[in-house]
Each structure stands twice: as structure tokens, then as C-alpha cells.
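Taking it in order: structure first as C-alpha cells, then the write-up.
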Amino acid sequence: MSTESLLSVRDVTVDYATGRGRLRAVDRVSFELGAGEALGLVGESGCGKSTLGRALLRLVPLAGGEVRWQGRDLARLRRDELRRLRADLQIVFQDPLASLDPRLTIGQSVAEPLEVHRPELGRTAVRERVGRMLARVGLGPELHNRYPHEFSGGQCQRVGIARAMILEPKLVVCDEPVSALDVSVQGQIVELLRELRRDHGTALVFISHNLAVVRRLCERVLVMYLGRTMEFAPSEEFYADPLHPYSRLLLDAVPVPDPRVERARPPLAAGEVASPFAPPSGCVFRTRCPVAVEACARDVPAFEAATGSRRVACLRWGDRVTARR
Amino acid sequence: MTYLSIRDLSVRLRNGPPLLRRVSLDVEAGEVRALVGESGAGKSMIGKAVLGILPPSVEISGGQILLDGTDLLTLPPKDRRRRIGASCALIPQDPLTALNPSHRIGPQITDRLVDILGWTRADAEARAKALLAEVQIPDPDRVLRAYPHELSGGMRQRILIASAFAAEPKLIVADEPTTALDVTVQRQVLDLFRDLRRELGTALVLITHDLGVVAGLCDRVAVMYAGRVVERATTDRLFAAPRHPYGAGLLAAMPRVDERPDRPLGTIPGAPPDLRRPPAGCAFRPRCARAAADCAVAPALVGDERDAVACHRPLAGPAAVDGAPGAP
Ligand SMILES: Nc1ncnc2c1ncn2[C@@H]1O[C@H](COP(=O)(O)OP(=O)(O)OP(=O)(O)O)[C@@H](O)[C@H]1O
Ligand code: SF4
Ligand SMILES: [Mg+2]
């Protein structure tokens, strides 16, 4: 394992017990994240993004694999180490209002993590830090004594971010933090996250189905499909030249706010996601894959090193590369 | 030929504040017209007013809705309903709640054809089957007998689209038809609209907050803010040279998947206003970088159907479009 790696995820597997039997929501996912890096986690609804995000924070039990935090297996941390970890690892949820305690003013909400994790700080120090953090996310002192229900969705999301950032964590997992927001407000939050990363060097796992936002925010992208990883790549390489057929499908589907681009688009044969209770044999994507061959129904493609630091799970990614030369 | 003409339509909460203020816009036969804007701008309210499905808590306080020349608002309720039922259809945002979970799909498509339009059941069923095939639903026979929960979200939305097109209406109102969907399914739906429109010549009012969805599909756009139309434009003109600072701000705030993230995203400070307490003067004033003293008076929408703006200090208009090189 490389020394810089902050988070190292190995073969992480998560199962849910459901009325229809066992559901493998995350299936042997592996990736590494360096300090200060941002990873975008993308894929269609139900592919396991949120479940993986939760697994990183130990909010769901693993059925297999391990998550290493600065080299230490999360499952083996001592109690005091786990406490430290809770301060270093934060999460921001999609629904900003539901994730705040309605009985606390926003000032109290943001102060709470400090009170729990930094009891040595005096009241003045706490107040000062909270004021600075809230100012940082664009909420002035006149708002500190207000309650969440008095705020718009965008404002609540700012509070959620302030609360996650107040301990200066090393990693924040954001689960669809802008999906519920209006376009103009979404832009504000994306820029805010960009600035906070730049100023504090916080690493980010950014879960989103919005590939345009991920491109703005993340250096790396991990593509999931039916619980498995399809591609892991540096963003700019990924967006310029996706290697996996599923990555290509996702990118081709995103609408671009430009009439010339949109009108010139050929129709897309997107197909349907297979049932997670009966994932296809071989490559799980094969039922929708435009370049599938017979072997794809038989062999499970390994998530293997492709060019540079990229990884891809496709039997044919190499053919594609050759074919284009 | 103008098929739908909304003139000075005002809607308010009963005994409460206005939700729509003197909204005017035309939809030509066969045209795809977008209504864009953020939550609370009143987009859905327009669609509901046209289809006569406003919630009981709101009322129309003025204006006309001319459908093929007849003012719907002057018709007795029964005639109005019949007229709308015969020529208009709705595609709702949420495919899950729009289908009745305890009924099979088939009757949910065909009942309307039989009950409202007087088709025979056999004709209606044949039509439903053909339409499901058209929207690329495999095995239409099985799907017609299925219950909604047996189908994916994308299939359900395609069924609702098929169902809206079933009676070959002249006008369809689609309220955020792709917002709840994955990008892949969204793309299928957009492709489908494109085909159906070409084949059937149906006029479509597309309500959305996503300018990406507008770009490929719509002929003209009306931008809404706080219950008013603040800009009307052809799609090309809006994207090339938005004139209202709000429309311009929205475009600048849209991240593009096909663009390197070097340019910082444009931002619009603040949030859309609370319609119960609208700011005096131009509703966009508190968020507007161009605002000046005269903006304390609400600007009127000035221009024609293809090109109009409600702003005291609009950005350079279509003149700039002609001269502008196509931006990359
Ligand atoms: N608590 C749960 N119990 C049972 N199954 C679950 C539970 N949570 C999620 N699942 C299932 O696990 C799979 C992965 O779900 P998950 O929520 O992680 O996906 P996601 O990628 O976050 O989707 P979305 O984009 O819709 O948020 C799905 O098939 C989902 O139905
Ligand atoms: S392994 Fe086969 S089916 Fe899977 S993505 Fe590659 S070519 Fe397509
Ligand atoms: Mg999720």
C-alpha cells in the first residue's frame, strides 16, 4: 500500500437481507484515495453508491473485504481510535433539512461536533470557530440563532457542510449533496466545496448522478454498475476518453446546455438495468453492452489495470483501444 | 398557427398572494415550448391552469387561456373538461405516483380512450399495444397485464408518455418529465419525444429546470422567475445571447460535462424569493448584479413572442447573436 493513501478500499462487499432474498448491493469494490483528493462515485440509481459511501464510514456492516484508513483496518480500531476517526471522517446527506436536528439553532448544530470532539475548547473559542465556519459557507451572524425550518434547502445544505467541516476532517463523504437544490443554488454549493477543499485540503468522496458536477469537483471517478466497479480513472482522462462501454453510455446520455450539440446527437440505445437479484452471468453489463461478445456471458472481467493509473472491468477494452488506432 | 394562447394569466392562493402574474405566452401547433425556471417560479401552475387541474387552494384571478381560439375560462366547467380531455394530455413528473398501483397497466391507458373519447375497447387495446412498442417496451402484451410495481421507473415513465400520446392530442403538457430519472433513461425519453413529435406533430409544453433538456428538443423558451415570464426567446437565441440577467445567470451556472472545469462556474447569489413575500419592484433585484435604482419598479415584459424581456437593464440582445462567432 502506498504511504500517501488516506483511504484504501479492498474487495468491499455489502449484502442486504430483503424479503426477496439476499441482495449484494456492493460487490468486491476496491480503490485508493490520497489525502486531499476528490473521488466522484457515479452510476445509475441503485448501483450501490450510497451503500458504498456508508460502508466507508462503517455505517453498514461489510460482508467481505476491508477499509483501511491511513493504513489501519477500520474493523480493528480501538475505541479511542474510532472516536478520532469519527472526527476525521464526516458525511453530508442529500436531504439537508432532514439531516439537521430541528430543535437546535444552526449555530448550535454547527457547534455540536466541536463540543463532542474538542471538549477542551472554551465557549468563546467554540463560538468563534462556529462564526468563522458559518461565514465561510456564506451564513452571517444574524442567522446563527435561527432554526433549520426557517431556511431554504440551499441554506440548510450550507449548514450541513459547515457542520461536516467544522472539525477540519480529513475526508468528507457527500451523498448527492446538490441533487435536491435549484440550479443556481447547486452552483453555489459546488463552488463552496471547491473552495473548502482548496483551503483545507479535505479529501472528498462525492456521490452523484450528475457527471457534469463530478467533472468540476473531482480528480478521480469511480463508475459502478449493479454493485461492481466498471472503471476507475483520473477525471480528465475519463471524460476525454472513457474506456468502459458503460462509462461511454453514461457520458453520452448527459444533456449538454447547447442546442448545436444536442440537435446533432444520434439516438442512444440505453437498455434497462438488469435485476440486482439476478445479475447477468459473466459481465453484469453485458445485457446492455453494444460491443458484447459470447465470452462476456461466461467470463467475469477482472477489474484490471489499463493505461496509466486507470482500471477497467471489461473483456474488450483492449480491443477498443486497438480498433481506434 | 397558434394553438394555445395564454394571455395575462394571473393565479393566486385563495384570498392570498399571487402565484402567477400576468403570464402571456403562445404555443404554435406542433411546437415544443419550454417553460424553465427554478422551484416556486410558477411553471407547474401554468400547466395546471391550462389543463384545468389547479388545486382547490388556488384560483385564477384574471386573464385568458385560448385553446384553438376558444377561451377555456369562459366555458362552463363541463364543456371545459370535455374540450381539454379531447385535445390535451399531461405527462407528470413522478411516474410512480401517477399510475394507480392496484390496477394493471392496460386499463390505465385504455380507459381514457374508451370513457372520454368513445373508442371501442378493442381499438383502444390495439392502440395501447402499438404505442408501447413505439416507446420501445419489449413484450407489450405482458406489460399491459402487469402492475406498476413490476416495472422499472424508466418503463413506467415511458408508459405514461405512451398513454399521453394515445389519443393523439393536439397539446401535451410535460411537467419535469425526466427529473426523477437516471440520465440514461432521461436520454431515452428525450429521444422518444423527438420521434413522437416528428411523427404526430403534437405541440408540447415542456416544464423543466434543466436547460440541458431544453437545448435539443425545444423551439422556443419562456424563462420564469417568481411567477412572471421574464424572458421569451427562441432556443438558439436564449443559449447564444440570454438577455435577462437571471437567464444569463442560469446558463452560466450550468456545469457542462463536455467542458474542462477550468472556468469557474457562474453563480447567482441568494435563493429564489418566497412568493408569499415577494420583493418589491423586479423580483430578481436582490440577486441581480446589474440592479440599479430604477429596478425598484417592476419592469414590464417588452417584445414579441420570439423575443421579449422584462428587465430595465437587459444584456445585449439578438444583434450580438448575428455577429457572435459560434462559441466552442
Ligand atoms: N436498507 C436497504 N435494505 C435493502 N436493500 C437496500 C437497502 N438500501 C439499499 N438497498 C438496495 O441496495 C442496492 C444499492 O442501493 P444504493 O442505495 O446503495 O444505490 P445508489 O447507487 O445510492 O442509488 P441512488 O442513485 O438511487 O441513490 C439497490 O438495489 C437498493 O435497492
Ligand atoms: S466485458 Fe463484454 S459485455 Fe462487459 S462491458 Fe466489456 S465488452 Fe461489454
Ligand atoms: Mg444513493
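Identifiers in this document derive from the order of the C-alpha cells: chains are assigned A, B, ..., residues are numbered from 1 separately in each chain, and ligands are numbered from 1 in order of occurrence.
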Requested in this report: Enumerate as a VMD selection string all residues of region 217-325 of chain A assigned to helix (DSSP H, G or I) by DSSP on the backbone, naming them with the chain letters and numbers the document uses.
Outcome: chain A and resid 217 235 to 240 245 to 253 259 to 263 286 to 288 294 to 297 317 to 324
Query - Polymer residues at most 9 Å from region 267-277 of chain A, only C-alpha atoms, same-chain spacing of 6 or more positions, as a PyMOL selection string - result: (chain A and resi 20-25+44+46-47+225-227+249-250+252-253+284-285+287-290) or (chain B and resi 152+154-155+184-185+187-188+191-192)
Requested in this report: Please identify all polymer residues within 12 Å of Asp115 (chain B), counting only C-alpha atoms, omitting same-chain residues fewer than 5 positions from it, and present them as a PyMOL selection string.
Outcome: chain B and resi 82+85-86+107-110+120-121+124+167
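The list of chain B residues within 7 Å of chain A is B:Glu38, B:Ser39, B:Asp182, B:Val183, B:Thr184, B:Arg187, B:Gln188, B:Asp191, B:Leu211, B:Gly212, B:Val213, B:Ala215, B:Gly216, B:Asp236, B:Phe239, B:Leu250, B:Ala253, B:Pro255, B:Arg256, B:Val257, B:Pro261, B:Leu265, B:Thr267, B:Ile268, B:Ala271; this uses only C-alpha atoms.
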Convert the current residue selection to file output with N, CA and C atoms, as an mmCIF file, in the first residue's frame.
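The file below, out03.cif, is the result:
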data_model
loop_
_atom_site.group_PDB
_atom_site.id
_atom_site.type_symbol
_atom_site.label_atom_id
_atom_site.label_comp_id
_atom_site.auth_asym_id
_atom_site.auth_seq_id
_atom_site.Cartn_x
_atom_site.Cartn_y
_atom_site.Cartn_z
ATOM 1 N N GLU B 38 -36.699 27.996 -11.688
ATOM 2 C CA GLU B 38 -36.423 27.177 -10.514
ATOM 3 C C GLU B 38 -37.698 26.926 -9.708
ATOM 4 N N SER B 39 -37.535 26.190 -8.618
ATOM 5 C CA SER B 39 -38.717 25.827 -7.846
ATOM 6 C C SER B 39 -39.445 27.087 -7.383
ATOM 7 N N ASP B 182 -32.805 8.528 -14.148
ATOM 8 C CA ASP B 182 -31.373 8.465 -14.440
ATOM 9 C C ASP B 182 -31.084 9.101 -15.795
ATOM 10 N N VAL B 183 -29.845 9.571 -15.972
ATOM 11 C CA VAL B 183 -29.517 10.213 -17.258
ATOM 12 C C VAL B 183 -29.764 9.317 -18.451
ATOM 13 N N THR B 184 -29.530 8.026 -18.290
ATOM 14 C CA THR B 184 -29.722 7.114 -19.411
ATOM 15 C C THR B 184 -31.200 7.057 -19.815
ATOM 16 N N ARG B 187 -32.330 10.313 -21.357
ATOM 17 C CA ARG B 187 -31.961 10.419 -22.765
ATOM 18 C C ARG B 187 -32.948 9.658 -23.631
ATOM 19 N N GLN B 188 -33.366 8.479 -23.170
ATOM 20 C CA GLN B 188 -34.350 7.709 -23.941
ATOM 21 C C GLN B 188 -35.645 8.492 -24.087
ATOM 22 N N ASP B 191 -35.191 11.274 -26.599
ATOM 23 C CA ASP B 191 -35.215 10.717 -27.956
ATOM 24 C C ASP B 191 -36.652 10.411 -28.381
ATOM 25 N N LEU B 211 -31.717 23.273 -18.241
ATOM 26 C CA LEU B 211 -31.519 23.860 -19.563
ATOM 27 C C LEU B 211 -30.913 22.866 -20.540
ATOM 28 N N GLY B 212 -30.262 21.835 -20.026
ATOM 29 C CA GLY B 212 -29.717 20.809 -20.906
ATOM 30 C C GLY B 212 -30.840 20.082 -21.638
ATOM 31 N N VAL B 213 -31.938 19.850 -20.955
ATOM 32 C CA VAL B 213 -33.081 19.158 -21.538
ATOM 33 C C VAL B 213 -33.754 20.017 -22.609
ATOM 34 N N ALA B 215 -32.264 22.208 -24.588
ATOM 35 C CA ALA B 215 -31.426 22.560 -25.731
ATOM 36 C C ALA B 215 -31.764 21.786 -27.006
ATOM 37 N N GLY B 216 -31.960 20.462 -26.891
ATOM 38 C CA GLY B 216 -32.114 19.675 -28.101
ATOM 39 C C GLY B 216 -33.533 19.571 -28.594
ATOM 40 N N ASP B 236 -32.291 28.956 -29.769
ATOM 41 C CA ASP B 236 -30.963 29.383 -30.218
ATOM 42 C C ASP B 236 -30.585 30.738 -29.629
ATOM 43 N N PHE B 239 -29.736 30.536 -25.775
ATOM 44 C CA PHE B 239 -28.451 29.942 -25.430
ATOM 45 C C PHE B 239 -27.284 30.793 -25.934
ATOM 46 N N LEU B 250 -28.446 31.629 -15.006
ATOM 47 C CA LEU B 250 -28.735 30.190 -15.007
ATOM 48 C C LEU B 250 -27.818 29.455 -15.982
ATOM 49 N N ALA B 253 -24.392 29.141 -14.708
ATOM 50 C CA ALA B 253 -24.278 28.271 -13.536
ATOM 51 C C ALA B 253 -24.364 26.791 -13.886
ATOM 52 N N PRO B 255 -23.012 23.503 -15.092
ATOM 53 C CA PRO B 255 -21.756 22.850 -15.453
ATOM 54 C C PRO B 255 -21.975 22.015 -16.712
ATOM 55 N N ARG B 256 -20.967 21.942 -17.540
ATOM 56 C CA ARG B 256 -21.084 21.149 -18.771
ATOM 57 C C ARG B 256 -20.176 19.948 -18.690
ATOM 58 N N VAL B 257 -20.727 18.802 -19.080
ATOM 59 C CA VAL B 257 -19.945 17.579 -18.996
ATOM 60 C C VAL B 257 -18.871 17.547 -20.082
ATOM 61 N N PRO B 261 -13.000 21.762 -16.498
ATOM 62 C CA PRO B 261 -13.532 22.601 -15.421
ATOM 63 C C PRO B 261 -12.668 23.813 -15.104
ATOM 64 N N LEU B 265 -17.563 28.195 -12.251
ATOM 65 C CA LEU B 265 -18.986 28.264 -12.545
ATOM 66 C C LEU B 265 -19.495 29.647 -12.197
ATOM 67 N N THR B 267 -22.121 32.062 -10.605
ATOM 68 C CA THR B 267 -23.053 31.818 -9.514
ATOM 69 C C THR B 267 -24.053 32.953 -9.440
ATOM 70 N N ILE B 268 -25.260 32.608 -9.016
ATOM 71 C CA ILE B 268 -26.262 33.615 -8.709
ATOM 72 C C ILE B 268 -26.361 33.612 -7.190
ATOM 73 N N ALA B 271 -31.237 33.016 -3.090
ATOM 74 C CA ALA B 271 -32.147 31.951 -3.477
ATOM 75 C C ALA B 271 -33.411 32.579 -4.045
#
Requested in this report: Could you give me, as an MDAnalysis selection string, every polymer residue with an atom at most 9 Å away from an atom of ligand 3, counting only C-alpha atoms and all ligand atoms?
Outcome: chainID A and resid 45:51 53 94 175:176 207:209
Enumerate residues in contact with ligand 2: an atom-to-atom distance of at most 8 Å, counting only C-alpha atoms and all ligand atoms. Format the result as a tab-separated table (two decimals) with N, CA and C atoms, in the first residue's frame.
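Final file, part-v5.tsv:
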chain	number	residue	atom	x	y	z
A	244	HIS	N	-14.57	2.11	-20.52
A	244	HIS	CA	-15.61	1.08	-20.38
A	244	HIS	C	-16.85	1.45	-21.19
A	245	PRO	N	-17.46	0.46	-21.86
A	245	PRO	CA	-18.67	0.77	-22.64
A	245	PRO	C	-19.77	1.41	-21.78
A	246	TYR	N	-19.83	1.05	-20.51
A	246	TYR	CA	-20.85	1.66	-19.65
A	246	TYR	C	-20.53	3.12	-19.37
A	282	GLY	N	-21.28	-13.69	-16.07
A	282	GLY	CA	-20.15	-13.04	-16.75
A	282	GLY	C	-20.09	-11.57	-16.41
A	283	CYS	N	-20.02	-10.74	-17.44
A	283	CYS	CA	-20.02	-9.30	-17.21
A	283	CYS	C	-21.44	-8.84	-16.91
A	284	VAL	N	-21.65	-8.18	-15.76
A	284	VAL	CA	-23.02	-7.78	-15.39
A	284	VAL	C	-23.60	-6.76	-16.36
A	285	PHE	N	-22.75	-6.09	-17.11
A	285	PHE	CA	-23.24	-5.06	-18.03
A	285	PHE	C	-23.61	-5.63	-19.40
A	286	ARG	N	-23.36	-6.90	-19.62
A	286	ARG	CA	-23.43	-7.42	-21.00
A	286	ARG	C	-24.81	-7.27	-21.64
A	287	THR	N	-25.90	-7.29	-20.81
A	287	THR	CA	-27.24	-7.22	-21.41
A	287	THR	C	-27.51	-5.86	-22.05
A	288	ARG	N	-26.67	-4.88	-21.76
A	288	ARG	CA	-26.86	-3.56	-22.37
A	288	ARG	C	-25.66	-3.16	-23.22
A	289	CYS	N	-24.68	-4.00	-23.27
A	289	CYS	CA	-23.42	-3.57	-23.87
A	289	CYS	C	-23.46	-3.67	-25.40
A	290	PRO	N	-23.15	-2.58	-26.09
A	290	PRO	CA	-23.20	-2.61	-27.56
A	290	PRO	C	-22.07	-3.42	-28.20
A	291	VAL	N	-21.03	-3.74	-27.45
A	291	VAL	CA	-19.92	-4.48	-28.07
A	291	VAL	C	-19.71	-5.85	-27.43
A	292	ALA	N	-20.75	-6.35	-26.72
A	292	ALA	CA	-20.59	-7.63	-26.03
A	292	ALA	C	-20.35	-8.76	-27.04
A	293	VAL	N	-19.55	-9.73	-26.63
A	293	VAL	CA	-19.33	-10.93	-27.43
A	293	VAL	C	-19.70	-12.14	-26.57
A	295	ALA	N	-18.06	-14.42	-25.09
A	295	ALA	CA	-17.27	-14.62	-23.87
A	295	ALA	C	-17.79	-13.79	-22.70
A	296	CYS	N	-18.45	-12.68	-23.01
A	296	CYS	CA	-18.92	-11.78	-21.95
A	296	CYS	C	-19.99	-12.43	-21.08
A	297	ALA	N	-20.69	-13.43	-21.61
A	297	ALA	CA	-21.70	-14.11	-20.82
A	297	ALA	C	-21.07	-15.16	-19.91
A	299	ASP	N	-17.27	-15.16	-18.92
A	299	ASP	CA	-16.15	-14.73	-18.07
A	299	ASP	C	-16.47	-13.43	-17.34
A	300	VAL	N	-16.18	-13.43	-16.05
A	300	VAL	CA	-16.32	-12.19	-15.30
A	300	VAL	C	-15.06	-11.37	-15.54
A	301	PRO	N	-15.21	-10.17	-16.13
A	301	PRO	CA	-14.00	-9.39	-16.41
A	301	PRO	C	-13.33	-8.95	-15.11
A	313	ALA	N	-13.04	-2.84	-15.92
A	313	ALA	CA	-13.54	-4.22	-15.89
A	313	ALA	C	-14.31	-4.50	-17.17
A	314	CYS	N	-13.58	-4.82	-18.22
A	314	CYS	CA	-14.22	-5.14	-19.49
A	314	CYS	C	-13.29	-6.06	-20.26
A	315	LEU	N	-13.86	-7.14	-20.80
A	315	LEU	CA	-13.03	-8.08	-21.55
A	315	LEU	C	-12.47	-7.42	-22.81
A	316	ARG	N	-13.15	-6.40	-23.29
A	316	ARG	CA	-12.83	-5.90	-24.62
A	316	ARG	C	-12.21	-4.51	-24.63
A	317	TRP	N	-11.83	-3.98	-23.48
A	317	TRP	CA	-11.35	-2.60	-23.53
A	317	TRP	C	-10.10	-2.49	-24.39
Requested in this report: For Ile91 (chain B), work out the shell of residues within 9 Å, counting only C-alpha atoms and skipping chain neighbours fewer than 5 positions away, then give it as an MDAnalysis selection string.
Outcome: chainID B and resid 98 157 160:161 163:164 172:177
Report summary line: For ligand 1, the closest of A:Glu219, A:Glu120, A:Asp27, A:Glu294 counting only C-alpha atoms and all ligand atoms is A:Asp27
Query raised in the report: At what distance in Å, to one decimal, does CA of Ala35 (chain A) lie from CA of Gln70 (chain A)?
Result: 9.2 Å
Report task. Excluding region 63-69 of chain A and residues on its chain fewer than 4 positions from it, collect all residues at most 12 Å away from it, counting only C-alpha atoms, and give them as a ChimeraX atom specification. Result -> /A:1-17,22-35,52-58,73-77,81-82,84-86,88-89,170-171
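Residues of region 129-240 of chain B assigned to strand (DSSP E) by DSSP on this structure's backbone: Leu171, Ile172, Val173, Ala174, Asp175, Ala203, Leu204, Val205, Leu206, Ile207, Thr208, Arg220, Val221, Ala222, Val223, Met224, Tyr225, Arg228, Val229, Val230, Glu231, Arg232, Ala233 and Thr234 of chain B.
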